[in-house]
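> See target_33.cif below, with mmCIF, C-alpha atoms.
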```cif
data_protein
loop_
_atom_site.group_PDB
_atom_site.id
_atom_site.type_symbol
_atom_site.label_atom_id
_atom_site.label_comp_id
_atom_site.auth_asym_id
_atom_site.auth_seq_id
_atom_site.Cartn_x
_atom_site.Cartn_y
_atom_site.Cartn_z
ATOM 1 C CA MET A 1 0.000 0.000 0.000
ATOM 2 C CA GLY A 2 1.580 3.352 -0.992
ATOM 3 C CA ALA A 3 1.134 6.911 0.155
ATOM 4 C CA ALA A 4 1.434 10.089 -1.859
ATOM 5 C CA ARG A 5 2.185 13.604 -0.727
ATOM 6 C CA PHE A 6 1.052 16.524 -2.911
ATOM 7 C CA LEU A 7 2.942 19.785 -2.943
ATOM 8 C CA SER A 8 1.327 22.757 -4.609
ATOM 9 C CA LEU A 9 2.498 26.003 -6.255
ATOM 10 C CA LYS A 10 -0.606 28.029 -5.336
ATOM 11 C CA GLU A 11 -0.652 31.166 -3.212
ATOM 12 C CA PRO A 12 0.099 30.327 0.428
ATOM 13 C CA SER A 13 -3.051 29.494 2.315
ATOM 14 C CA PRO A 14 -3.864 28.333 5.814
ATOM 15 C CA ARG A 15 -2.591 24.818 6.424
ATOM 16 C CA LYS A 16 -4.909 22.300 4.870
ATOM 17 C CA VAL A 17 -4.533 18.570 4.724
ATOM 18 C CA PHE A 18 -6.729 16.321 2.629
ATOM 19 C CA VAL A 19 -6.467 12.578 3.122
ATOM 20 C CA ALA A 20 -8.263 10.142 0.825
ATOM 21 C CA ARG A 21 -8.038 6.515 -0.213
ATOM 22 C CA HIS A 22 -7.408 5.948 -3.896
ATOM 23 C CA GLU A 23 -6.313 2.751 -5.626
ATOM 24 C CA ASN A 24 -4.363 1.197 -2.754
ATOM 25 C CA CYS A 25 -2.538 4.367 -1.759
ATOM 26 C CA THR A 26 -3.012 7.065 0.814
ATOM 27 C CA VAL A 27 -2.967 10.559 -0.646
ATOM 28 C CA VAL A 28 -1.952 13.495 1.521
ATOM 29 C CA ASP A 29 -2.350 17.035 0.198
ATOM 30 C CA ASP A 30 0.042 19.363 2.031
ATOM 31 C CA ASP A 31 0.469 22.951 0.808
ATOM 32 C CA GLU A 32 2.935 23.847 3.553
ATOM 33 C CA ARG A 33 6.080 23.273 1.477
ATOM 34 C CA SER A 34 7.042 25.169 -1.634
ATOM 35 C CA ILE A 35 7.059 23.265 -4.914
ATOM 36 C CA GLU A 36 10.247 25.122 -5.856
ATOM 37 C CA GLU A 37 12.018 23.720 -2.807
ATOM 38 C CA ILE A 38 11.233 20.088 -3.555
ATOM 39 C CA LEU A 39 11.979 20.532 -7.268
ATOM 40 C CA ASP A 40 15.311 22.132 -6.350
ATOM 41 C CA THR A 41 16.048 19.176 -4.082
ATOM 42 C CA ILE A 42 15.113 16.576 -6.692
ATOM 43 C CA GLY A 43 16.882 18.644 -9.360
ATOM 44 C CA ASP A 44 20.198 18.668 -7.506
ATOM 45 C CA GLU A 45 22.593 16.321 -9.318
ATOM 46 C CA HIS A 46 24.326 15.160 -6.127
ATOM 47 C CA ALA A 47 20.999 14.525 -4.379
ATOM 48 C CA ARG A 48 19.804 12.457 -7.360
ATOM 49 C CA ARG A 49 23.010 10.385 -7.292
ATOM 50 C CA VAL A 50 22.548 9.715 -3.570
ATOM 51 C CA LEU A 51 18.886 8.779 -4.139
ATOM 52 C CA ALA A 52 19.796 6.444 -6.998
ATOM 53 C CA ALA A 53 22.415 4.683 -4.867
ATOM 54 C CA ILE A 54 20.184 4.205 -1.818
ATOM 55 C CA SER A 55 17.200 3.139 -3.914
ATOM 56 C CA ARG A 56 19.199 0.051 -4.955
ATOM 57 C CA GLU A 57 20.495 -0.819 -1.490
ATOM 58 C CA PRO A 58 20.840 0.899 1.911
ATOM 59 C CA ARG A 59 24.285 2.445 2.336
ATOM 60 C CA SER A 60 26.352 4.300 4.897
ATOM 61 C CA ALA A 61 27.552 7.854 4.238
ATOM 62 C CA LYS A 62 31.062 6.499 3.684
ATOM 63 C CA GLU A 63 29.799 4.001 1.092
ATOM 64 C CA LEU A 64 27.787 6.762 -0.607
ATOM 65 C CA SER A 65 30.854 8.984 -0.661
ATOM 66 C CA GLU A 66 32.881 6.284 -2.404
ATOM 67 C CA GLU A 67 30.162 5.116 -4.798
ATOM 68 C CA CYS A 68 29.009 8.601 -5.806
ATOM 69 C CA ASP A 69 32.523 10.091 -5.821
ATOM 70 C CA MET A 70 31.566 12.872 -3.388
ATOM 71 C CA SER A 71 33.139 14.185 -0.211
ATOM 72 C CA LEU A 72 31.553 13.092 3.074
ATOM 73 C CA PRO A 73 30.362 16.659 3.856
ATOM 74 C CA THR A 74 28.624 16.782 0.447
ATOM 75 C CA VAL A 75 26.931 13.431 1.121
ATOM 76 C CA TYR A 76 25.748 14.569 4.556
ATOM 77 C CA ARG A 77 24.397 17.873 3.154
ATOM 78 C CA ARG A 78 22.424 15.997 0.480
ATOM 79 C CA ILE A 79 21.079 13.504 3.011
ATOM 80 C CA GLU A 80 19.955 16.441 5.163
ATOM 81 C CA MET A 81 18.252 18.082 2.145
ATOM 82 C CA LEU A 82 16.483 14.842 1.226
ATOM 83 C CA SER A 83 15.476 14.213 4.838
ATOM 84 C CA GLU A 84 13.636 17.558 4.958
ATOM 85 C CA TYR A 85 11.106 16.039 2.519
ATOM 86 C CA ASP A 86 11.149 12.559 4.067
ATOM 87 C CA LEU A 87 12.765 11.143 0.945
ATOM 88 C CA VAL A 88 15.331 9.169 2.953
ATOM 89 C CA LYS A 89 15.228 7.279 6.206
ATOM 90 C CA ASP A 90 18.087 6.041 8.335
ATOM 91 C CA GLN A 91 18.847 3.192 10.651
ATOM 92 C CA THR A 92 21.635 3.065 13.234
ATOM 93 C CA LEU A 93 23.775 -0.070 13.189
ATOM 94 C CA VAL A 94 26.615 -1.240 15.428
ATOM 95 C CA ALA A 95 29.876 -2.261 13.766
ATOM 96 C CA ASP A 96 31.919 -5.258 14.947
ATOM 97 C CA ASP A 97 34.230 -2.885 16.830
ATOM 98 C CA GLY A 98 31.266 -1.411 18.759
ATOM 99 C CA ASN A 99 31.086 1.890 16.868
ATOM 100 C CA HIS A 100 27.679 3.124 15.740
ATOM 101 C CA TYR A 101 26.945 4.273 12.206
ATOM 102 C CA LYS A 102 23.883 5.012 10.113
ATOM 103 C CA ILE A 103 22.754 3.502 6.875
ATOM 104 C CA TYR A 104 20.396 5.409 4.602
ATOM 105 C CA GLU A 105 17.681 4.154 2.303
ATOM 106 C CA SER A 106 15.064 5.606 0.033
ATOM 107 C CA ASN A 107 11.761 6.376 1.735
ATOM 108 C CA PHE A 108 9.564 6.381 -1.363
ATOM 109 C CA GLU A 109 8.700 4.250 -4.355
ATOM 110 C CA SER A 110 8.196 6.913 -7.008
ATOM 111 C CA THR A 111 7.641 10.603 -7.610
ATOM 112 C CA VAL A 112 5.285 12.137 -10.166
ATOM 113 C CA ILE A 113 5.382 15.814 -11.160
ATOM 114 C CA SER A 114 2.314 17.018 -13.033
ATOM 115 C CA LEU A 115 0.557 20.193 -14.125
ATOM 116 C CA GLU A 116 -3.130 20.198 -13.243
ATOM 117 C CA GLU A 117 -5.378 23.213 -13.742
ATOM 118 C CA ASP A 118 -2.452 25.689 -13.842
ATOM 119 C CA GLU A 119 -0.999 24.179 -10.686
ATOM 120 C CA TYR A 120 2.089 21.999 -10.358
ATOM 121 C CA ARG A 121 1.757 18.983 -8.118
ATOM 122 C CA VAL A 122 4.437 16.653 -6.843
ATOM 123 C CA ARG A 123 3.211 13.249 -5.716
ATOM 124 C CA ILE A 124 5.552 11.143 -3.625
ATOM 125 C CA TYR A 125 4.372 7.546 -3.365
ATOM 126 C CA ARG A 126 5.499 5.651 -0.291
ATOM 127 C CA GLU A 127 5.177 2.105 0.913
ATOM 128 C CA GLU A 128 3.136 2.325 4.088
ATOM 129 C CA ASN A 129 4.134 0.607 7.284
ATOM 130 C CA LEU A 130 0.810 -0.439 8.832
ATOM 131 C CA PRO A 131 1.944 -0.388 12.493
ATOM 132 C CA ASP A 132 3.382 3.122 12.015
ATOM 133 C CA ARG A 133 0.229 4.224 10.216
ATOM 134 C CA PHE A 134 -1.951 2.878 13.041
ATOM 135 C CA SER A 135 0.214 4.646 15.648
ATOM 136 C CA GLN A 136 -0.051 7.922 13.728
ATOM 137 C CA LEU A 137 -3.828 7.529 13.407
ATOM 138 C CA TRP A 138 -4.100 6.791 17.138
ATOM 139 C CA ASP A 139 -2.001 9.862 17.989
ATOM 140 C CA ASP A 140 -4.153 12.016 15.694
ATOM 141 C CA LEU A 141 -7.353 10.780 17.349
ATOM 142 C CA ASN A 142 -6.053 11.179 20.899
ATOM 143 C CA PRO A 143 -4.397 14.586 21.219
ATOM 144 C CA GLU A 144 -2.627 15.139 24.514
#
```
Translate the structure of the given file into structure tokens.

Amino acid sequence: MGAARFLSLKEPSPRKVFVARHENCTVVDDDERSIEEILDTIGDEHARRVLAAISREPRSAKELSEECDMSLPTVYRRIEMLSEYDLVKDQTLVADDGNHYKIYESNFESTVISLEEDEYRVRIYREENLPDRFSQLWDDLNPE
């Protein structure tokens, strides 16, 4: 089951979120982020190389640096950019020597950019984790 996030290029408006079920995916309409920002992120050559590498297999920053022929600071900056839009997720592992490190992986299945009624939309389709989705729903229904 996938999820999509819509980003819109309309005039800023009060925060609105629209959630609907459509063909085995959850669609979330979120106008809070600028379409230019996500297009700039996806359009960045280094960010695309990082995304391509982690879409094949989770990798550490060091592995990404070597595979993508980038410095470690460049890799970390791109991971931070991609994380702002939830395009990557990380997991902390423990090496044999006891040191901790993170591996990064893609947090979406596909992205679609379209023009609908004079408005650009970016749809980010994600594989949903049902326990996480249930926890989020429970938190939304039971505000503290």
> Could you list the residues chosen by the PyMOL selection byres ((chain A and resi 49-66) around 10) in this structure as a PyMOL selection string?
chain A and resi 42+44-48+67-76+78-79+82+87-93+101-109
> In Å, rounded to a single decimal, give me how far CA of Glu37 (chain A) is from CA of Ser83 (chain A).
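Distance between the two atoms: 12.7 Å.
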> One decimal, Å: what's the distance from CA of Glu116 (chain A) over to CA of Met81 (chain A), could you say?
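These two atoms are separated by 26.4 Å.
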> Could you tell me how far CA of Arg77 (chain A) sits from CA of Ile113 (chain A), in Å to one decimal place?
23.9 Å
> Using all atoms listed in the file for the distances, tell me which of A:Tyr125, A:Ile38, A:Trp138, A:Ala95 is nearest to Ser110 (chain A).
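Going through A:Tyr125, A:Ile38, A:Trp138, A:Ala95 one by one, the smallest distance to Ser110 (chain A) is for A:Tyr125.
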> Hey, which of A:Asn99, A:Tyr120, A:Glu80, A:Ser135 ends up closest to Glu36 (chain A)? Count all atoms listed in the file.
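Closest residue, counting all atoms listed in the file: A:Tyr120.
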